[in-house]
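What's in my_file23.pdb: PDB, N, CA and C atoms
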ATOM      1  N   MET A   1      93.370  96.515 101.181
ATOM      2  CA  MET A   1      94.437  97.399 101.595
ATOM      3  C   MET A   1      94.770  97.086 103.043
ATOM      4  N   SER A   2      96.018  96.801 103.297
ATOM      5  CA  SER A   2      96.439  96.459 104.644
ATOM      6  C   SER A   2      96.705  97.727 105.454
ATOM      7  N   THR A   3      96.762  97.543 106.756
ATOM      8  CA  THR A   3      97.040  98.665 107.653
ATOM      9  C   THR A   3      98.440  99.210 107.407
ATOM     10  N   ALA A   4      99.393  98.321 107.162
ATOM     11  CA  ALA A   4     100.768  98.758 106.912
ATOM     12  C   ALA A   4     100.857  99.628 105.654
ATOM     13  N   PHE A   5     100.135  99.240 104.601
ATOM     14  CA  PHE A   5     100.146 100.035 103.373
ATOM     15  C   PHE A   5      99.512 101.401 103.617
ATOM     16  N   PHE A   6      98.424 101.442 104.395
ATOM     17  CA  PHE A   6      97.773 102.708 104.711
ATOM     18  C   PHE A   6      98.728 103.619 105.485
ATOM     19  N   VAL A   7      99.402 103.075 106.500
ATOM     20  CA  VAL A   7     100.341 103.868 107.304
ATOM     21  C   VAL A   7     101.488 104.356 106.431
ATOM     22  N   GLN A   8     101.998 103.484 105.564
ATOM     23  CA  GLN A   8     103.083 103.881 104.673
ATOM     24  C   GLN A   8     102.639 105.010 103.747
ATOM     25  N   SER A   9     101.431 104.942 103.239
ATOM     26  CA  SER A   9     100.927 105.986 102.350
ATOM     27  C   SER A   9     100.776 107.312 103.089
ATOM     28  N   VAL A  10     100.240 107.267 104.288
ATOM     29  CA  VAL A  10     100.070 108.492 105.076
ATOM     30  C   VAL A  10     101.428 109.101 105.404
ATOM     31  N   LEU A  11     102.378 108.277 105.853
ATOM     32  CA  LEU A  11     103.708 108.793 106.171
ATOM     33  C   LEU A  11     104.406 109.357 104.940
ATOM     34  N   SER A  12     104.279 108.678 103.817
ATOM     35  CA  SER A  12     104.890 109.163 102.587
ATOM     36  C   SER A  12     104.324 110.521 102.200
ATOM     37  N   PHE A  13     103.004 110.656 102.288
ATOM     38  CA  PHE A  13     102.373 111.937 101.970
ATOM     39  C   PHE A  13     102.838 113.020 102.931
ATOM     40  N   ALA A  14     102.884 112.709 104.224
ATOM     41  CA  ALA A  14     103.280 113.707 105.224
ATOM     42  C   ALA A  14     104.726 114.149 105.016
ATOM     43  N   ILE A  15     105.611 113.214 104.723
ATOM     44  CA  ILE A  15     107.019 113.562 104.496
ATOM     45  C   ILE A  15     107.169 114.416 103.237
ATOM     46  N   ALA A  16     106.480 114.037 102.163
ATOM     47  CA  ALA A  16     106.568 114.808 100.920
ATOM     48  C   ALA A  16     106.010 116.217 101.106
ATOM     49  N   LEU A  17     104.865 116.323 101.773
ATOM     50  CA  LEU A  17     104.275 117.642 102.013
ATOM     51  C   LEU A  17     105.171 118.480 102.918
ATOM     52  N   GLY A  18     105.734 117.867 103.961
ATOM     53  CA  GLY A  18     106.639 118.581 104.866
ATOM     54  C   GLY A  18     107.887 119.063 104.160
ATOM     55  N   ALA A  19     108.462 118.209 103.319
ATOM     56  CA  ALA A  19     109.666 118.607 102.582
ATOM     57  C   ALA A  19     109.373 119.755 101.624
ATOM     58  N   ALA A  20     108.247 119.690 100.948
ATOM     59  CA  ALA A  20     107.887 120.770 100.024
ATOM     60  C   ALA A  20     107.621 122.067 100.792
ATOM     61  N   ALA A  21     106.939 121.965 101.926
ATOM     62  CA  ALA A  21     106.656 123.159 102.730
ATOM     63  C   ALA A  21     107.948 123.767 103.272
ATOM     64  N   LEU A  22     108.855 122.933 103.751
ATOM     65  CA  LEU A  22     110.136 123.449 104.253
ATOM     66  C   LEU A  22     110.946 124.095 103.139
ATOM     67  N   SER A  23     110.894 123.528 101.946
ATOM     68  CA  SER A  23     111.640 124.128 100.845
ATOM     69  C   SER A  23     111.076 125.498 100.481
ATOM     70  N   VAL A  24     109.769 125.665 100.599
ATOM     71  CA  VAL A  24     109.162 126.977 100.332
ATOM     72  C   VAL A  24     109.551 127.959 101.435
ATOM     73  N   VAL A  25     109.560 127.514 102.677
ATOM     74  CA  VAL A  25     109.884 128.395 103.808
ATOM     75  C   VAL A  25     111.329 128.862 103.744
ATOM     76  N   PHE A  26     112.261 127.968 103.445
ATOM     77  CA  PHE A  26     113.685 128.313 103.476
ATOM     78  C   PHE A  26     114.245 128.743 102.127
ATOM     79  N   LEU A  27     113.393 128.914 101.139
ATOM     80  CA  LEU A  27     113.843 129.379  99.830
ATOM     81  C   LEU A  27     114.299 130.837  99.948
ATOM     82  N   PRO A  28     115.474 131.167  99.425
ATOM     83  CA  PRO A  28     115.975 132.542  99.577
ATOM     84  C   PRO A  28     115.336 133.506  98.563
ATOM     85  N   VAL A  29     114.051 133.764  98.749
ATOM     86  CA  VAL A  29     113.332 134.700  97.882
ATOM     87  C   VAL A  29     112.483 135.609  98.767
ATOM     88  N   GLY A  30     111.847 136.581  98.128
ATOM     89  CA  GLY A  30     111.012 137.528  98.857
ATOM     90  C   GLY A  30     109.705 136.906  99.348
ATOM     91  N   GLY A  31     109.017 137.655 100.156
ATOM     92  CA  GLY A  31     107.776 137.184 100.767
ATOM     93  C   GLY A  31     106.681 136.885  99.755
ATOM     94  N   TRP A  32     106.563 137.728  98.716
ATOM     95  CA  TRP A  32     105.511 137.510  97.721
ATOM     96  C   TRP A  32     105.742 136.219  96.936
ATOM     97  N   VAL A  33     106.990 135.954  96.579
ATOM     98  CA  VAL A  33     107.301 134.726  95.851
ATOM     99  C   VAL A  33     107.041 133.520  96.747
ATOM    100  N   ARG A  34     107.453 133.617  98.008
ATOM    101  CA  ARG A  34     107.235 132.527  98.960
ATOM    102  C   ARG A  34     105.730 132.273  99.145
ATOM    103  N   ALA A  35     104.952 133.328  99.261
ATOM    104  CA  ALA A  35     103.502 133.182  99.422
ATOM    105  C   ALA A  35     102.876 132.552  98.178
ATOM    106  N   PHE A  36     103.355 132.968  97.005
ATOM    107  CA  PHE A  36     102.842 132.388  95.766
ATOM    108  C   PHE A  36     103.136 130.894  95.693
ATOM    109  N   LEU A  37     104.361 130.506  96.032
ATOM    110  CA  LEU A  37     104.730 129.090  96.008
ATOM    111  C   LEU A  37     103.957 128.288  97.057
ATOM    112  N   ALA A  38     103.728 128.867  98.216
ATOM    113  CA  ALA A  38     102.946 128.184  99.251
ATOM    114  C   ALA A  38     101.506 127.990  98.786
ATOM    115  N   LEU A  39     100.954 129.007  98.151
ATOM    116  CA  LEU A  39      99.585 128.895  97.632
ATOM    117  C   LEU A  39      99.516 127.848  96.517
ATOM    118  N   ALA A  40     100.525 127.807  95.664
ATOM    119  CA  ALA A  40     100.572 126.799  94.599
ATOM    120  C   ALA A  40     100.670 125.398  95.195
ATOM    121  N   LEU A  41     101.461 125.239  96.238
ATOM    122  CA  LEU A  41     101.580 123.940  96.905
ATOM    123  C   LEU A  41     100.242 123.528  97.517
ATOM    124  N   LEU A  42      99.567 124.451  98.148
ATOM    125  CA  LEU A  42      98.251 124.163  98.729
ATOM    126  C   LEU A  42      97.254 123.768  97.641
ATOM    127  N   TYR A  43      97.299 124.449  96.506
ATOM    128  CA  TYR A  43      96.403 124.132  95.391
ATOM    129  C   TYR A  43      96.681 122.729  94.846
ATOM    130  N   VAL A  44      97.956 122.369  94.735
ATOM    131  CA  VAL A  44      98.317 121.030  94.261
ATOM    132  C   VAL A  44      97.794 119.964  95.227
ATOM    133  N   VAL A  45      97.935 120.195  96.515
ATOM    134  CA  VAL A  45      97.488 119.217  97.513
ATOM    135  C   VAL A  45      95.966 119.053  97.460
ATOM    136  N   THR A  46      95.225 120.154  97.444
ATOM    137  CA  THR A  46      93.762 120.050  97.414
ATOM    138  C   THR A  46      93.280 119.444  96.096
ATOM    139  N   SER A  47      93.938 119.765  94.992
ATOM    140  CA  SER A  47      93.565 119.177  93.705
ATOM    141  C   SER A  47      93.836 117.677  93.690
ATOM    142  N   THR A  48      94.906 117.268  94.333
ATOM    143  CA  THR A  48      95.236 115.844  94.408
ATOM    144  C   THR A  48      94.170 115.087  95.176
ATOM    145  N   PHE A  49      93.725 115.633  96.306
ATOM    146  CA  PHE A  49      92.661 114.988  97.073
ATOM    147  C   PHE A  49      91.368 114.921  96.269
ATOM    148  N   SER A  50      91.059 115.983  95.566
ATOM    149  CA  SER A  50      89.851 116.009  94.756
ATOM    150  C   SER A  50      89.912 114.972  93.634
ATOM    151  N   LEU A  51      91.051 114.883  92.968
ATOM    152  CA  LEU A  51      91.224 113.896  91.900
ATOM    153  C   LEU A  51      91.131 112.475  92.451
ATOM    154  N   ALA A  52      91.750 112.230  93.586
ATOM    155  CA  ALA A  52      91.700 110.894  94.184
ATOM    156  C   ALA A  52      90.268 110.514  94.540
ATOM    157  N   LYS A  53      89.489 111.475  95.037
ATOM    158  CA  LYS A  53      88.090 111.202  95.374
ATOM    159  C   LYS A  53      87.282 110.904  94.111
ATOM    160  N   CYS A  54      87.520 111.646  93.043
ATOM    161  CA  CYS A  54      86.802 111.400  91.791
ATOM    162  C   CYS A  54      87.124 110.015  91.224
ATOM    163  N   VAL A  55      88.387 109.630  91.265
ATOM    164  CA  VAL A  55      88.782 108.304  90.773
ATOM    165  C   VAL A  55      88.127 107.223  91.621
ATOM    166  N   ARG A  56      88.144 107.397  92.940
ATOM    167  CA  ARG A  56      87.524 106.413  93.831
ATOM    168  C   ARG A  56      86.027 106.304  93.589
ATOM    169  N   ASP A  57      85.363 107.448  93.437
ATOM    170  CA  ASP A  57      83.920 107.440  93.195
ATOM    171  C   ASP A  57      83.590 106.743  91.878
ATOM    172  N   ARG A  58      84.386 106.976  90.844
ATOM    173  CA  ARG A  58      84.145 106.337  89.552
ATOM    174  C   ARG A  58      84.342 104.826  89.655
ATOM    175  N   GLN A  59      85.375 104.398  90.387
ATOM    176  CA  GLN A  59      85.611 102.968  90.558
ATOM    177  C   GLN A  59      84.484 102.320  91.355
ATOM    178  N   GLU A  60      83.994 102.996  92.402
ATOM    179  CA  GLU A  60      82.890 102.452  93.187
ATOM    180  C   GLU A  60      81.623 102.360  92.358
ATOM    181  N   ALA A  61      81.361 103.356  91.527
ATOM    182  CA  ALA A  61      80.173 103.324  90.675
ATOM    183  C   ALA A  61      80.266 102.174  89.678
ATOM    184  N   ALA A  62      81.429 101.980  89.094
ATOM    185  CA  ALA A  62      81.613 100.873  88.158
ATOM    186  C   ALA A  62      81.463  99.536  88.871
ATOM    187  N   SER A  63      81.908  99.472  90.101
ATOM    188  CA  SER A  63      81.796  98.235  90.875
ATOM    189  C   SER A  63      80.337  97.906  91.176
ATOM    190  N   VAL A  64      79.539  98.930  91.509
ATOM    191  CA  VAL A  64      78.120  98.710  91.792
ATOM    192  C   VAL A  64      77.403  98.236  90.536
ATOM    193  N   VAL A  65      77.673  98.872  89.400
ATOM    194  CA  VAL A  65      77.050  98.468  88.139
ATOM    195  C   VAL A  65      77.449  97.040  87.803
ATOM    196  N   SER A  66      78.711  96.711  88.021
ATOM    197  CA  SER A  66      79.188  95.360  87.739
ATOM    198  C   SER A  66      78.488  94.341  88.634
ATOM    199  N   ARG A  67      78.298  94.669  89.906
ATOM    200  CA  ARG A  67      77.623  93.741  90.817
ATOM    201  C   ARG A  67      76.161  93.561  90.432
ATOM    202  N   VAL A  68      75.499  94.644  90.019
ATOM    203  CA  VAL A  68      74.102  94.543  89.599
ATOM    204  C   VAL A  68      74.000  93.693  88.342
ATOM    205  N   ASP A  69      74.890  93.927  87.377
ATOM    206  CA  ASP A  69      74.896  93.113  86.156
ATOM    207  C   ASP A  69      75.158  91.650  86.472
ATOM    208  N   GLN A  70      76.074  91.381  87.385
ATOM    209  CA  GLN A  70      76.381  89.998  87.756
ATOM    210  C   GLN A  70      75.176  89.349  88.439
ATOM    211  N   ALA A  71      74.476  90.087  89.295
ATOM    212  CA  ALA A  71      73.292  89.534  89.952
ATOM    213  C   ALA A  71      72.197  89.231  88.928
ATOM    214  N   ARG A  72      72.019  90.106  87.954
ATOM    215  CA  ARG A  72      71.028  89.861  86.896
ATOM    216  C   ARG A  72      71.389  88.613  86.096
ATOM    217  N   LEU A  73      72.659  88.483  85.759
ATOM    218  CA  LEU A  73      73.108  87.320  85.003
ATOM    219  C   LEU A  73      72.920  86.042  85.819
ATOM    220  N   ASP A  74      73.262  86.089  87.099
ATOM    221  CA  ASP A  74      73.082  84.906  87.950
ATOM    222  C   ASP A  74      71.615  84.510  88.033
ATOM    223  N   ARG A  75      70.736  85.503  88.183
ATOM    224  CA  ARG A  75      69.294  85.212  88.254
ATOM    225  C   ARG A  75      68.796  84.627  86.928
ATOM    226  N   PHE A  76      69.239  85.200  85.827
ATOM    227  CA  PHE A  76      68.836  84.702  84.518
ATOM    228  C   PHE A  76      69.290  83.257  84.320
ATOM    229  N   LEU A  77      70.538  82.982  84.673
ATOM    230  CA  LEU A  77      71.062  81.627  84.504
ATOM    231  C   LEU A  77      70.353  80.636  85.423
ATOM    232  N   ALA A  78      69.985  81.082  86.612
ATOM    233  CA  ALA A  78      69.277  80.194  87.528
ATOM    234  C   ALA A  78      67.870  79.892  87.017
ATOM    235  N   GLU A  79      67.246  80.877  86.397
ATOM    236  CA  GLU A  79      65.884  80.682  85.888
ATOM    237  C   GLU A  79      65.860  79.906  84.577
ATOM    238  N   HIS A  80      66.909  79.995  83.805
ATOM    239  CA  HIS A  80      66.951  79.365  82.491
ATOM    240  C   HIS A  80      68.157  78.441  82.407
ATOM    241  N   ASP A  81      68.107  77.365  83.112
ATOM    242  CA  ASP A  81      69.201  76.401  83.081
ATOM    243  C   ASP A  81      69.214  75.721  81.712
ATOM    244  N   LEU A  82      70.261  75.930  80.967
ATOM    245  CA  LEU A  82      70.314  75.447  79.600
ATOM    246  C   LEU A  82      70.418  73.917  79.509
ATOM    247  N   LEU A  83      70.899  73.277  80.548
ATOM    248  CA  LEU A  83      71.016  71.821  80.516
ATOM    249  C   LEU A  83      69.669  71.139  80.790
ATOM    250  N   ILE A  84      68.881  71.764  81.621
ATOM    251  CA  ILE A  84      67.590  71.151  81.995
ATOM    252  C   ILE A  84      66.448  71.719  81.164
ATOM    253  N   GLY A  85      66.556  72.935  80.754
ATOM    254  CA  GLY A  85      65.469  73.629  80.072
ATOM    255  C   GLY A  85      64.937  74.705  80.999
ATOM    256  N   SER A  86      64.290  75.693  80.460
ATOM    257  CA  SER A  86      63.797  76.780  81.286
ATOM    258  C   SER A  86      62.556  76.342  82.060
ATOM    259  N   LYS A  87      62.249  77.098  83.099
ATOM    260  CA  LYS A  87      61.081  76.792  83.921
ATOM    261  C   LYS A  87      59.793  76.975  83.136
ATOM    262  N   ALA A  88      59.836  77.836  82.143
ATOM    263  CA  ALA A  88      58.638  78.096  81.332
ATOM    264  C   ALA A  88      58.280  76.854  80.499
ATOM    265  N   ASP A  89      59.289  76.033  80.161
ATOM    266  CA  ASP A  89      59.043  74.830  79.359
ATOM    267  C   ASP A  89      58.332  73.732  80.167
ATOM    268  N   GLY A  90      58.586  73.711  81.463
ATOM    269  CA  GLY A  90      58.190  72.587  82.249
ATOM    270  C   GLY A  90      56.862  72.635  82.830
TER     271      GLY A  90
END
Please re-express this file's structure in structure tokens.
Amino acid sequence: MSTAFFVQSVLSFAIALGAAALSVVFLPVGGWVRAFLALALLYVVTSTFSLAKCVRDRQEAASVVSRVDQARLDRFLAEHDLLIGSKADG
């Protein structure tokens, strides 16, 4: 992930959140409706962060398992070279 992509993502999130917050503030409705919509917006934002963290954690866990499996396979192949024969044979 490049720095430019990170900055673009942060700015995009900030603009979207700001636009949604301004729309709730300037909506021509009563205070209770405005408070409800603001609370719903806050819930959506926190749920989004939580979901993003769960997806990232799952991807990192899969990556670690994949690296461990790859290391095991590399060690096995190094110990049992099929062209030369295994070390146990020699």
- Task: Between atom C of Ala38 (chain A) and atom N of Ile15 (chain A), measure the distance and give it in Å to one decimal.
- Result: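 Going from atom C of Ala38 (chain A) over to atom N of Ile15 (chain A), I get 16.4 Å.
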- Message: Taking the file as I've supplied it (selection: the PyMOL selection byres (((chain A and resi 17 and name CA) around 12) and name CA)), which residues are included? Please answer as a list of chain:residue names.
- Response: A:Val10, A:Leu11, A:Ser12, A:Phe13, A:Ala14, A:Ile15, A:Ala16, A:Gly18, A:Ala19, A:Ala20, A:Ala21, A:Leu22, A:Ser23, A:Val24, A:Ala38, A:Leu41, A:Leu42, A:Val44, A:Val45, A:Thr46, A:Thr48
- Quote the spacing between CA of Tyr43 (chain A) and atom C of Thr3 (chain A) in Å to one decimal place. 27.7 Å
- alpha helix (DSSP H) positions in chain A, given as an MDAnalysis selection string: chainID A and resid 3:25 31:79
- Query: How many Å lie between atom C of Phe49 (chain A) and atom C of Ser9 (chain A), rounded to one decimal?
  - Reply: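 Those two atoms sit 13.9 Å apart.
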